[in-house]
Each structure stands twice: as structure tokens, then as C-alpha cells.
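Shown next, in C-alpha cells, is the structure this report addresses.
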Amino acid sequence: PRGSWPFVSARAMASLPTWNGHYVNGQWTSCSSGRFCDVTDSNTGQVCARVASGGAEDVNAAVLAARSAFTAWAEKPLSERKAALQKVLERWQQKKGTAVEWLTKELGCNVKFATQVQVNMVDMHLGSSLKMVDLIKFEERMPMGSLVVKEPVGVVGCITPWNYPLNQIAAKVFPALLVGCTVVLKPSEVTPVCAYLLAEAIHEAEVPPGVFNMIMGDGPNCGEVLAAHEDVDLVSFTGSTRAGRRISEVAAKTLKVVRTELGGKSAALLLEDADFQALIPKFVKSLMANTGQSCNALSRLLVPRTRYEEAVGIAKKVAEATIVGESADSKASIGPVVSQAQWDRVQGYIQTGIKEGAKLVAGGPGRPDGLSNGFFVKPTVFADVDNKMTIAQEEIFGPVLSIIPYSSEEEAIRIANDTVYGLNNAVGSASPERAVQVARKLRSGMVMINDTSILPDAPFGGYKQSGNAREWGTMGIEEYLVTKTLAGKP
Ligand code: NAD
């Protein structure tokens, strides 16, 4: 056995389940700092677990292990790396039940969403990467004879957020490992338990020591050390634009590559001919899913003045029909937001919307009736929003929609693009051709046409301050490759 699972039972740790270690060089190791991060149950606001809060010593050990394992892992045939990761996928199936249990606490999403969406994102990304890697051209002969080869970039530091914790870990770690990189993961300390479970699946699949490492801890003490580390070749970060900026700053010293997937303020732009009855519920429900905590959430709805009242009426109805409840409540559509900090932030934006003169048509400040303990928020809709208002410019990351009227298609495009972000948008029209014409004028990495989903074989990523990375699909694998030219007609 390679070390033991670092779980200490509730009884031994003053009634809190505790994960007190990291995963380094194929071993569960104890944390050097002696500090812990609290994990909060979003349904109750109570601390429900504790995890290690690592520091520089832990990160250094993990980077050293990843560096030592790199050459042997990179030199393995792709088929061997694929077989190892296929085994991880098998082991993961046995962890899903426990992962659902913890996601409903640490993230607060309901059982159905955790089961059907969150835990399956590992299968989606790992399954897709295992297929898509076969489409990568690792070698290419140039017309004048040079041979261009693609090689793994080296040691990759992955730093991930809490909103779709398994999704973001899987979208980074598995493509990197598949092409031969070794990894040090620093997951979100807000939703750490599901990361421990995925690490346990990797451990049980007997991926060679040092190939995958995980240090648990917070941003400043742990994430920054990893981003700044001189022996990390590439940092792949998903999270807030604020942290993305800081990580880019500390990483700049070594000029390593920094890939960023950051915040968004996406718009659903409905053209005059769109089927409002079909599309508005689809767009609003996709915003509300995960309690508004999605980077690509369609938090602005752009509607022609000619059909404005109709649109506001439909959106209001959908928000009012969105049932908020505890994770275990099978009738609830959504759960709480993740934390007190997130609750305060969303409430602050709702107050600001009212103060700046937007018209509140559904929801509003405070908790829904009967939910006085956890971090519950009322599904909220503002109409008559001006795009200059704070609620239309800043990422709220909660179930809050801003409806903005427009007079012409040109104005709608200008409003959609009037944001520092550029992750995602949607266009609704009875004519898909017309929708695509509008989509081409939107400055975002993704545009959904009469739809709300993005499939894992196409690139996911943003323009502008939404970051520079492309995950998913072949591009999400190529991010972890560097190019070498063998000249002289070899
Ligand atoms: P966050 O930026 O606070 O934290 C993300 C991760 O970075 C965590 O692991 C955290 O510990 C770490 N971190 C924080 N400060 C750091 C620092 N100074 N140095 C190094 N690491 C640091 O974000 P969050 O609150 O966990 O997630 C929500 C944000 O993530 C939203 O802005 C959302 O839009 C964004 N997000 C983007 C995408 C995307 O694909 N574009 C996907 C999901 C979430």
C-alpha cells in the first residue's frame, strides 16, 4: 500500500471529519503547516469538515515529485498512459456516491444536480480526452522537409475553483496527463472533499508515483507558491478574474505559460423573430442552474423593445417557478449559494440593482420563506436595466437576471459586447442563419445558438478578461504541448 487515505474520523477530530494531508509522489502525506481550512455545509452554514491548509513546503515537495516523474511518464507510449487513465475512470465510478454526498454539503447543489451533472463531468472530460487525443498530430513534416514535433510541456500546476469542482479538475488534469505532462493540482479549498475522492481514484488506479500530485490549501499560501514556482512549466488556472490577474503577476517572474479561464457576464440576445415561449425558459433555467454559479451564466437577457413586456412576463414566471430548497429536497430546483461570502456578495448586488434604479420584478433581498439558516437566495429578476448599471457590468455569480431592452440589432450587439468579459453569449432567432450572422459579431469565445449547452469536443474559453485558455476538445489537449522543430530534413 502506498500510504494511507488521510481521513481521520469525526470522533477522533472533535466531531469534525478531517482530511489532514496531501497526495505527493504516490503517497498520502501529512500537512507541514498544521493549519486547516474549514469546510461549510451551505444548507446550514455550519462547519462540516476540515481539510489541510498546505504551504510552501508541501508545494515544493509536490513539484519536486512531479519533476522527477516527468521524463519516464512522457516517454511512455500514449497507449500506456491511456490505459492508466482508463483505470482511473473505472475507479471513479465507485467514488461517485460519496462525491454526491459531499457535493450536496460543500457546494450545496441538490442531489439530482450532483448526481446527473457534477460527478459525471469526470466521465465526460476523461472519456472525451481519451478519444480526442487520437486526433492530435504529434508529428508533422513541413513542405521544405523540417519535422515539427509536439512534446509535453513538463510540470503543470492546476488551480481550480469550487463551482463545478470536478469538471474543472478533470478538464485540466486528464488532458495534461494523457500527453505526458506531470501535474500538481491545487483544488478549491471551498469544495475540497470531492477533489480528495478523485485523487483517491487516481491513487487506486496506480498511476505511477509523482505523475499526479495534489496539495490542499488556500490561494495566497498555496496557489501563489505553485504559480510562482520556478520548476513549474505551465499554470492552468480557472477562477475569478481577480485571482487570474494575481497568478499571472506572480508567474511572470519565470515567464511560464499561464492559461486562464476567468469570469463572465454573458448575454442571451433574443432577436425579434425568436420563439420567446421556448427560449426564455431555457435561458433563464440555465442561468439558475447551480444557483447562478456558472462562469458562462447568461446573466443578461437582451430583448427587443417591441416584445419587451412579453419577455419580462415569461422571465418573471420562470424565476417564480424556480423552487429553492435544501440539497436533500427532491422538489427543489436549486440549492443555496456556496458560502457566506458568496451570499453577502449576491445580496450586495441585489441591493445595488435596486439603488441604481432597476425594476425588481421577481425575488429580491433576503432568504426565501422557510429557509432561514443556509446560504439561500431568492431567484431574482431585474427589468429596465441599463447596461451601464453595476448589475449588468459585474459578475454576480448568483441567481440574478438583468433584462435589458434594445431598439435595433446593431444596438443589441453593441450592448452584448459592452463588457470587459467575453466568455459566452447566446443568440435566439427563428432563423439559425441570422443567429449565426449575429453570433459572428459577438466578442466572446463561445456563442450558443438557440441553445444552452456546449459539447466537450469543442473548445471552451473566453475573449478579453474572461481569460486566454481553451479547454475541451483537441485544443484543450494541445494546451499542454510545446512545439519543437527538427530542422535539416531529418
Ligand atoms: P477564485 O479565483 O477565488 O479561486 C479559484 C482558485 O484560485 C481556488 O483554488 C483558490 O484557492 C485559488 N486562488 C485564489 N486566490 C489565489 C491567488 N492569489 N493565487 C493563487 N491561487 C489563488 O474563484 P472561485 O470563487 O473559486 O470561483 C468563481 C470564479 O471562477 C468566478 O469568477 C467564475 O466565473 C470563475 N470560473 C470561470 C470558469 C471558466 O471556465 N472561464 C469556470 C468556472 C469558474
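As shown in the C-alpha cells, the chain order sets the letters A, B, ...; within each chain, residues go from 1, and ligands are also counted from 1 in the order they appear.
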Within 6 Å of stretch 189-206 of chain A: each stretch 84-152 of chain A residue with its shortest pair, only C-alpha atoms, as CSV:
residue,atom,partner,partner_atom,distance
A:Lys87,CA,A:Ala205,CA,5.4
A:Val88,CA,A:Ala205,CA,5.2
A:Arg91,CA,A:Ala201,CA,5.2
A:Trp92,CA,A:Ala201,CA,5.4
A:Ala99,CA,A:Cys194,CA,5.3
A:Glu106,CA,A:Thr191,CA,5.3
With N, CA and C atoms retained, write the just-selected residues as a PDB file, in the first residue's frame.
ATOM      1  N   LYS A  87      -8.262   3.284 -16.298  1.00  0.00           N
ATOM      2  CA  LYS A  87      -8.416   2.649 -14.987  1.00  0.00           C
ATOM      3  C   LYS A  87      -8.932   3.670 -13.957  1.00  0.00           C
ATOM      4  N   VAL A  88      -8.462   4.916 -14.092  1.00  0.00           N
ATOM      5  CA  VAL A  88      -8.956   5.974 -13.190  1.00  0.00           C
ATOM      6  C   VAL A  88     -10.463   6.125 -13.367  1.00  0.00           C
ATOM      7  N   ARG A  91     -12.206   3.392 -11.550  1.00  0.00           N
ATOM      8  CA  ARG A  91     -12.193   3.588 -10.093  1.00  0.00           C
ATOM      9  C   ARG A  91     -13.147   4.714  -9.690  1.00  0.00           C
ATOM     10  N   TRP A  92     -13.250   5.714 -10.558  1.00  0.00           N
ATOM     11  CA  TRP A  92     -14.100   6.868 -10.232  1.00  0.00           C
ATOM     12  C   TRP A  92     -15.562   6.447 -10.042  1.00  0.00           C
ATOM     13  N   ALA A  99     -19.065  11.165  -3.492  1.00  0.00           N
ATOM     14  CA  ALA A  99     -18.859  12.521  -4.028  1.00  0.00           C
ATOM     15  C   ALA A  99     -20.179  13.300  -4.020  1.00  0.00           C
ATOM     16  N   GLU A 106     -20.721  20.616   0.634  1.00  0.00           N
ATOM     17  CA  GLU A 106     -19.678  21.631   0.445  1.00  0.00           C
ATOM     18  C   GLU A 106     -20.031  22.631  -0.649  1.00  0.00           C
TER      19      GLU A 106
END
- Query: Neighbours of stretch 210-218 of chain A within 9 Å (only C-alpha atoms; same-chain residues fewer than 3 positions away dropped), as a ChimeraX atom specification?
  - Reply: /A:21-27,31,36-37,51-55,58-59,62-70,73,173,177,180-190,192,195-196,199,202-203,207,221-224
Residues of the last selection are to be written out with C-alpha atoms, as a short mmCIF file (atom, residue, chain, number, x, y, z; two decimals), in the first residue's frame.
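Once written, part_9.cif looks like this:
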data_model
loop_
_atom_site.label_atom_id
_atom_site.label_comp_id
_atom_site.auth_asym_id
_atom_site.auth_seq_id
_atom_site.Cartn_x
_atom_site.Cartn_y
_atom_site.Cartn_z
CA GLY A 21 -2.93 15.59 4.22
CA HIS A 22 -1.85 15.92 0.62
CA TYR A 23 -1.06 13.49 -2.19
CA VAL A 24 2.61 13.60 -3.15
CA ASN A 25 4.76 11.10 -5.04
CA GLY A 26 2.15 8.35 -4.83
CA GLN A 27 1.74 8.75 -1.05
CA CYS A 31 0.48 18.61 6.01
CA PHE A 36 -6.68 23.63 8.44
CA CYS A 37 -9.35 25.10 6.17
CA VAL A 51 -9.01 19.88 5.39
CA ALA A 52 -5.28 20.52 5.32
CA SER A 53 -4.11 24.03 4.55
CA GLY A 54 -0.80 23.48 2.82
CA GLY A 55 2.10 25.86 2.37
CA ASP A 58 4.16 20.96 0.68
CA VAL A 59 4.06 22.61 -2.74
CA ALA A 62 4.91 18.05 -4.87
CA VAL A 63 6.71 19.98 -7.63
CA LEU A 64 9.89 18.01 -6.99
CA ALA A 65 7.95 14.74 -7.26
CA ALA A 66 6.28 15.88 -10.49
CA ARG A 67 9.63 16.94 -11.97
CA SER A 68 11.28 13.62 -11.04
CA ALA A 69 8.44 11.61 -12.60
CA PHE A 70 8.23 13.67 -15.78
CA TRP A 73 5.91 9.36 -17.89
CA VAL A 173 -5.58 17.19 -15.18
CA LEU A 177 -1.52 13.59 -18.04
CA GLY A 180 2.80 13.08 -20.86
CA CYS A 181 2.86 16.06 -18.50
CA THR A 182 3.00 15.58 -14.75
CA VAL A 183 0.67 17.56 -12.54
CA VAL A 184 0.42 19.37 -9.23
CA LEU A 185 -3.21 20.18 -8.51
CA LYS A 186 -4.33 22.85 -6.03
CA PRO A 187 -8.11 22.42 -5.88
CA SER A 188 -10.51 24.87 -4.31
CA GLU A 189 -10.36 24.76 -0.52
CA VAL A 190 -14.09 25.62 -0.53
CA PRO A 192 -12.10 20.05 -1.24
CA ALA A 195 -11.07 16.55 -5.00
CA TYR A 196 -9.77 14.12 -2.36
CA ALA A 199 -7.27 11.86 -6.06
CA ILE A 202 -6.12 8.17 -9.29
CA HIS A 203 -4.17 6.58 -6.41
CA VAL A 207 -0.84 5.90 -11.79
CA ASN A 221 -0.36 30.35 0.89
CA CYS A 222 -0.56 27.53 -1.58
CA GLY A 223 -1.82 28.61 -5.03
CA GLU A 224 0.58 31.53 -5.33
#
- Which value, in Å to one decimal, gives the distance between atom CA of A:Glu309 and atom CA of A:Phe397?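 Result for atom CA of A:Glu309 versus atom CA of A:Phe397: 25.7 Å, one decimal.
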- Message: Show me, as a ChimeraX atom specification, the residues that have an atom within 9 Å of stretch 317-323 of chain A when counting only C-alpha atoms, minus same-chain residues fewer than 2 positions from it.
- Response: /A:280-281,284-285,288,312-315,325,331-335,362-363,378-381,399
Next, write the just-selected residues to a file, as a tab-separated table (two decimals), in the first residue's frame, keeping C-alpha atoms as the atom set.
chain	number	residue	atom	x	y	z
A	280	ILE	CA	-36.68	32.37	-22.38
A	281	PRO	CA	-37.41	29.44	-20.01
A	284	VAL	CA	-33.36	31.55	-17.51
A	285	LYS	CA	-33.25	27.97	-16.25
A	288	MET	CA	-30.49	29.47	-12.37
A	312	VAL	CA	-40.33	40.23	-18.86
A	313	GLY	CA	-43.55	38.32	-18.09
A	314	ILE	CA	-42.08	34.98	-19.16
A	315	ALA	CA	-38.80	35.51	-17.28
A	325	GLY	CA	-34.60	24.25	-1.16
A	331	LYS	CA	-38.83	19.12	-5.13
A	332	ALA	CA	-36.28	21.93	-5.15
A	333	SER	CA	-34.88	23.17	-8.46
A	334	ILE	CA	-31.86	24.86	-6.85
A	335	GLY	CA	-29.97	24.88	-3.56
A	362	ALA	CA	-39.12	38.76	-9.08
A	363	GLY	CA	-37.22	37.76	-5.94
A	378	LYS	CA	-34.34	34.25	-3.98
A	379	PRO	CA	-34.27	33.77	-7.76
A	380	THR	CA	-34.27	37.42	-8.79
A	381	VAL	CA	-35.16	39.25	-11.99
A	399	PRO	CA	-29.45	33.54	-9.49
- Query: Which residue, A:Leu226, A:Val436, A:Cys48, A:Leu269, has the smallest gap to A:Val250 when you use only C-alpha atoms?
  - Reply: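 The shortest atom-to-atom distance to A:Val250 comes from A:Leu226.
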- Message: From the options A:Glu471, A:Ser299, A:Thr306, A:Gly364, which residue's atoms come nearest to A:Ile391, counting only C-alpha atoms?
- Response: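 Comparing A:Glu471, A:Ser299, A:Thr306, A:Gly364 against A:Ile391, the winner is A:Ser299.
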- Item | Pairwise distance for atom CA of A:Pro17 and atom CA of A:Ala49, rounded to one decimal in Å | 4.9 Å
- Tell me, as a PyMOL selection string, which residues lie within 7 Å of A:Ser466, counting only C-alpha atoms; anything in the same chain fewer than 4 positions away does not count. chain A and resi 241+261-264+421-423+462
- Would you please work out which residue, of A:Pro220, A:Gly292, A:Gly357, A:Pro336, is nearest to ligand 1 when using only C-alpha atoms and all ligand atoms? A:Pro220
- Measuring atom to atom with only C-alpha atoms, identify which of A:Leu16, A:Leu166, A:Leu78, A:Ala426 is nearest to A:Lys282.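 Among the listed residues, A:Ala426 lies closest to A:Lys282.
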- Of the candidates A:Ile454, A:Val482, A:Val361, A:Ala274, which one gets nearest to ligand 1 if we count only C-alpha atoms and all ligand atoms?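 For ligand 1, the nearest of the candidates is A:Ile454.
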- List every residue of stretch 305-457 of chain A that DSSP, applied to the backbone of this structure, places in strand (DSSP E or B), and write the result as a PyMOL selection string. chain A and resi 324+334+359-362+380-383+400-406+424-428+446-449
- Task: Going by DSSP on the backbone, which bits of stretch 151-345 of chain A are alpha helix (DSSP H)? Write them as a ChimeraX atom specification, please.
- Result: /A:165-178,192-204,224-228,241-251,276-288,308-320,340-345
Which residues are near stretch 117-133 of chain A? Cut-off 8 Å, only C-alpha atoms, ignore same chain within fewer than 3 positions. Put them as a compact mmCIF listing (two decimals) with C-alpha atoms, in the first residue's frame.
# COMPACT_ATOMS: atom_id res chain seq x y z
CA LYS A 82 -4.40 5.92 -21.93
CA LEU A 85 -6.34 6.83 -17.18
CA GLN A 86 -8.98 4.36 -18.34
CA LEU A 89 -12.32 6.25 -14.92
CA LYS A 96 -19.47 8.88 -7.19
CA ALA A 99 -18.86 12.52 -4.03
CA VAL A 100 -22.59 13.30 -4.36
CA LYS A 112 -30.16 15.40 -8.60
CA PHE A 113 -27.76 18.04 -9.97
CA ALA A 114 -24.80 16.49 -8.14
CA ILE A 136 -3.73 15.17 -32.24
CA TYR A 164 -18.02 22.84 -10.88
CA PRO A 165 -15.09 21.45 -8.92
CA LEU A 166 -14.79 18.06 -10.60
CA ASN A 167 -15.42 19.47 -14.05
CA ALA A 170 -11.00 16.81 -14.99
CA ALA A 171 -10.75 19.29 -17.87
CA PHE A 174 -6.52 14.41 -17.62
CA PRO A 175 -5.53 16.11 -20.91
CA LEU A 178 -2.57 12.00 -21.34
CA VAL A 179 0.05 13.86 -23.38
CA PRO A 456 -16.99 18.51 -24.76
CA ASP A 457 -15.42 18.00 -28.20
CA TRP A 472 -12.08 20.70 -24.01
CA GLY A 473 -11.72 19.12 -27.45
CA THR A 474 -8.35 18.81 -29.17
CA ILE A 477 -5.20 18.80 -25.08
